[in-house]
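Colleague: Below is one structure. I have some questions about it.
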Amino acid sequence: MKISKIALVLMLSISIISCSSDDDNNTEDLTGQKGQLVLKFDNGVGDQDFIFGTSYNKSNGESYKLDQLKYIISNVSLLDSEGNTFEYPTEDNVFLVDEANGNNAGEIWITLDNVDAADYTSISFGVGIDQERYLRGADGQGDFLQIAQDAGMLWSWATGFRFVRLDGVFSSDTVTDQALNIHMGSVGTSLDNYREVTLPFPNSVLVRPSMTPEVHVKTDIATIFDGPTPVNFMDGYDQVHTDPIETPIIANNMMEMFEVHHVHNN
Amino acid sequence: MNFYKMNDFQNINIKPFAIATLLCFISFGSAYATIIKPKDSISSQRFQYMSINTLEDDCDLCGCTTSGGSSAFGDLSMSNFVGVRYIYQNFESKDGIFSNSPISKEQFNTYQLWGRVPINESFFLSAIIPYQDLNRNFEDREEHLSGLGDINVIGWYQFKFYKKEQKTDGTMDFVVERERSNHTLNVGLGVKLPTGEFEEQLTDKVNPGFQVGTGSLDAFTTAIYGYKKTNLGFATTLAYYFKTKNKNEYRFGNQFSYATTVFYDIASEESIIKPFIGFSGDVYNSIEQYDEKLPDTDGSIFNGSVGSEFVYGKFLLGAKYTLPISQNLFGGNVEAKNNLAVYFNYAL
């Protein structure tokens with residue numbers, strides 16, 4: 001009996017100990033600490049993973065197949081739980097998301113270095129190049145000018161950058177595999193199609209010197225055509241370049257295609 | 001698995017045993033009956049296949065996968081034993097966030113040493129020591145993980161119920177003691193020790209249960225109620241797991257498990273075959289990391305199971321096949337497939 005009592009007491013005490021939660025050190029001082037953060041862009045169409053050459057249906061009965069899918073992200077900033085905003089250094093704060101550069105899982109990774117350690121709650125970024133960056137001139141674009149040029153994301157310098165580039169073919173009731181080219185951007189300084197989006201994180205993103213959180217951004221490419229303002233290829237949206245009416249619609253639709261699906265804190 | 005261990009016992013007239021083993025495999029199974037064979041004059045004339053033994057295998061997904069694949073606790077009939085158990089579990093998880101994302105197939109092999117020893121008439125102690133051998137196949141690669149899992153230790157208290165009046169029915173009753181009623185109730189308090197390694201990196205995948213251990217010290221309470229009349233019996237097990245944060249600030253969700261098994265004894269002179277059928281289920285709370293709930297990490301599963309045990313002398317061989325009937329795990333991104341448990345025990 002003695003042993004059993006001891007055993008019971010032991011069991012009880014162990015379970016009590018295990019049930020008590022350790023207090024968190026919320027007062028952690030992170031001043032001056034830096035870490036990395038990875039943005040993973042994962043392009044999809046609806047709930048399907050995007051795949052080159054696959055035919056996707058639009059809401060109006062048209063369909064499309066793409067062989068190029070790329071867009072520019074810039075001005076990434078992060079809002080932390082205390083209301084502070086971390087801006088990534090301007091000169092490095094522009095990125096090409098090119099589906100062709102995706103890893104095995106079809107994700108395009110952007111690694112941000114030297115991010116202030118903090119608990120971040122949302123992310124903001126721009127789609128395309130804002131006027132301020134454009135006005136730095138070709139020489140002020142740093143390495144990105146070459147990257148954009150190589151990727152076919154640049155018109156003449158006077159016109160500026162293509163913010164998004166979708167190339168492929170589309171079909172409708174009456175046509176089959178017609179050329180589809182959506183090249184939306186600002187037009188010099190006369191038409192500003194730069195847009196910013198803010199996405200909340202479903203869980204806090206904890207950047208620490210020892211922790212590199214991953215933010216999984218899911219996109220729905222279909223939104224570009226079937227977003228707030230649905231467009232028909234047959235009505236001229238098969239060739240979108242610098243048109244002052246068409247491009248803002250594409251820009252506004254595109255703003256809605258991003259979502260932070262989940263985050264990993266490591 | 002260590003079935004080959006059976007060879008160790010080959011010296012004990014193994015033939016009938018082996019035949020029944022095969023039968024047992026064919027009918028899969030797991031309820032548990034212990035038969036204590038007559039060995040001395042007083043207490044032993046009664047054939048004590050009293051045991052209601054619910055070895056319920058909860059598919060211990062969110063964390064307990066790790067506790068040893070399944071956490072049936074052993075012979076809850078209060079028979080004391082040492083044994084080995086092999087559990088095979090099978091999952092399919094989405095490797096990605098899209099509906100057409102590739103599937104990864106996971107196979108969990110768990111080898112356990114388990115047993116129960118009495119402390120006195122009412123208190124018992126049981127333990128499960130698992131070794132985990134996990135495989136995961138992606139479209140383009142394979143992952144393998146193995147090692148000691150999380151050890152479970154459970155203290156049990158057995159309530160004893162007696163029939164109000166003794167009556168002599170003339171068959172098996174020449175015991176002086178009061179006759180035990182058909183009801184049994186056992187309650188247990190357990191701990192799961194963080195003996196298995198938890199690798200945080202692995203939680204990035206859709207099935208974070210792909211771990212050798214949870215890294216946390218967890219407690220659980222359990223109760224088993226059984227009823228048996230003549231050859232027919234049933235047992236119900238309820239368990240609740242209180243899980244704690246591990247050192248990676250990762251906390252698997254608390255878990256409620258239930259299982260009911262109905263069995264029937266087919267006794268011959270020397271052995272008992274005990275086919276059974278049952279259902280079981282688990283309900284999981286969300287996983288928390290850094291004190292925040294992670295989306296799509298709660299869920300539930302309901303299983304049907306069928307199996308059989310075979311008791312010969314002090315040996316017991318059991319097999320149980322479990323198939324999910326309905327489930328919603330990790331937002332539908334993880335699917336539990338079938339599950340097989342085989343165990344071989346020696347009554348102490």
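FYI, nothing fancy with the structure tokens labels: chains A, B, ... in order, residues from 1 per chain, ligands from 1 as they appear.
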Any idea what's packed within 8 Å of Pro209 in chain A, counting only C-alpha atoms, ignoring anything in its chain fewer than 6 positions away? Could you give it as a PDB file with C-alpha atoms, in the first residue's frame?
Modeller:
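Result written to part.pdb:
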ATOM      1  CA  GLN A  33      18.754  42.286 -33.122  1.00  0.00           C
ATOM      2  CA  LYS A  34      18.320  41.218 -36.706  1.00  0.00           C
ATOM      3  CA  GLY A  35      17.079  38.164 -38.495  1.00  0.00           C
ATOM      4  CA  GLN A  36      15.942  36.852 -41.823  1.00  0.00           C
ATOM      5  CA  ALA A 117      13.781  41.263 -34.771  1.00  0.00           C
TER       6      ALA A 117
END
Colleague: Using only C-alpha atoms, I'd like a table of the residues in chain B that come within 7 Å of chain A; for each, show the closest atom pair and its distance in Å rounded to one decimal, ordered by chain and ascending number, as a Markdown table.
Modeller:
| residue | atom | partner | partner_atom | distance |
| --- | --- | --- | --- | --- |
| B:Phe98 | CA | A:Gln48 | CA | 5.2 |
| B:Ser99 | CA | A:Gln48 | CA | 5.5 |
| B:Asn100 | CA | A:Gln48 | CA | 5.5 |
| B:Ser101 | CA | A:Asp49 | CA | 6.5 |
| B:Ile119 | CA | A:Ser4 | CA | 5.9 |
| B:Asn120 | CA | A:Met1 | CA | 6.4 |
| B:Phe123 | CA | A:Ser4 | CA | 6.2 |
| B:Gly155 | CA | A:Leu8 | CA | 6.8 |
| B:Leu189 | CA | A:Met11 | CA | 6.7 |
| B:Gly190 | CA | A:Met11 | CA | 6.9 |
| B:Val191 | CA | A:Ser15 | CA | 6.6 |
| B:Gln201 | CA | A:Asn266 | CA | 6.9 |
| B:Asp204 | CA | A:His264 | CA | 6.3 |
| B:Leu217 | CA | A:Ser18 | CA | 5.9 |
| B:Asp218 | CA | A:Ser18 | CA | 6.2 |
| B:Ala219 | CA | A:Ser15 | CA | 5.2 |
| B:Thr244 | CA | A:Cys19 | CA | 6.7 |
| B:Glu292 | CA | A:Asn203 | CA | 6.7 |
| B:Leu294 | CA | A:Asn203 | CA | 7.0 |
Colleague: When DSSP is applied to the backbone of this structure, which of range 27-228 of chain A are assigned helix (DSSP H, G or I)? Write them out as number ranges by chain.
Modeller: A: 90-92, 99-101, 131-134, 138-141, 144-150, 223-226
Colleague: Find the residues near Leu323 in chain B: any atom within 10 Å, counting only C-alpha atoms, skip ones fewer than 3 places away on the same chain, and give them as a PyMOL selection string.
Modeller: chain B and resi 279-280+302-306+326+336-340
Colleague: Calculate how many Å separate CA of Gly313 in chain B from CA of Leu232 in chain B, rounding to one decimal.
Modeller: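 The value is 20.4 Å.
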Colleague: I'd like to know which of B:Thr222, B:Gln158, B:Asn333, B:Asn254 is closest to Pro295 in chain B, using only C-alpha atoms.
Modeller: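 Smallest separation from Pro295 in chain B among the options: B:Asn333.
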Colleague: Quick one: residues within 6 Å of range 64-75 of chain A, only C-alpha atoms counted, chain neighbours fewer than 4 positions away excluded, as a list in words?
Modeller: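 My reading of the contact set: Phe52, Gly53, Thr54, Ser55, Tyr56, Asn93, Val94, Phe95, Leu96, Val97, Asp98, Glu99, Phe125, Gly126, Val127, Gly128, Phe163, Val164, Arg165, Leu166, Asp167, Gly168, Val169 and Phe170 of chain A.
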Colleague: Could you turn the residues from that selection into a file that holds C-alpha atoms, as a PDB file, in the first residue's frame?
Modeller:
ATOM      1  CA  PHE A  52       2.540  26.326 -67.389  1.00  0.00           C
ATOM      2  CA  GLY A  53       0.641  25.074 -70.390  1.00  0.00           C
ATOM      3  CA  THR A  54      -2.407  24.031 -68.425  1.00  0.00           C
ATOM      4  CA  SER A  55      -5.693  25.354 -69.708  1.00  0.00           C
ATOM      5  CA  TYR A  56      -7.706  27.313 -67.145  1.00  0.00           C
ATOM      6  CA  ASN A  93      13.515  46.512 -52.008  1.00  0.00           C
ATOM      7  CA  VAL A  94      12.425  45.360 -55.442  1.00  0.00           C
ATOM      8  CA  PHE A  95      11.999  41.772 -56.569  1.00  0.00           C
ATOM      9  CA  LEU A  96      11.022  39.756 -59.563  1.00  0.00           C
ATOM     10  CA  VAL A  97       8.619  36.887 -58.951  1.00  0.00           C
ATOM     11  CA  ASP A  98       9.011  34.622 -61.951  1.00  0.00           C
ATOM     12  CA  GLU A  99       7.097  31.367 -62.005  1.00  0.00           C
ATOM     13  CA  PHE A 125       4.234  45.550 -50.568  1.00  0.00           C
ATOM     14  CA  GLY A 126       3.734  47.222 -53.880  1.00  0.00           C
ATOM     15  CA  VAL A 127       2.968  45.559 -57.175  1.00  0.00           C
ATOM     16  CA  GLY A 128       5.261  47.160 -59.710  1.00  0.00           C
ATOM     17  CA  PHE A 163       4.732  45.204 -63.618  1.00  0.00           C
ATOM     18  CA  VAL A 164       3.204  41.947 -64.709  1.00  0.00           C
ATOM     19  CA  ARG A 165       3.777  39.779 -67.722  1.00  0.00           C
ATOM     20  CA  LEU A 166       1.422  37.009 -68.712  1.00  0.00           C
ATOM     21  CA  ASP A 167       2.085  35.465 -72.102  1.00  0.00           C
ATOM     22  CA  GLY A 168       0.227  32.601 -73.655  1.00  0.00           C
ATOM     23  CA  VAL A 169      -2.874  31.839 -75.639  1.00  0.00           C
ATOM     24  CA  PHE A 170      -6.596  32.013 -75.068  1.00  0.00           C
TER      25      PHE A 170
END
Colleague: May I ask which of the residues A:Thr247, A:Thr159, A:Thr229, A:Asn114 is the closest one to Ser190 in chain A, counting only C-alpha atoms?
Modeller: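 Of all the options, A:Thr159 lies closest to Ser190 in chain A.
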Colleague: Measuring between only C-alpha atoms, which one of B:Glu197, B:Ile273, B:Tyr346, B:Ala341 shows the shortest distance to Tyr88 in chain B?
Modeller: B:Ala341
Colleague: Using only C-alpha atoms, which of the listed residues (A:Asp220, A:Glu256, A:Glu62, A:Asp80) sits closest to Ser122 in chain A?
Modeller: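 Counting only C-alpha atoms, the residue closest to Ser122 in chain A is A:Asp80.
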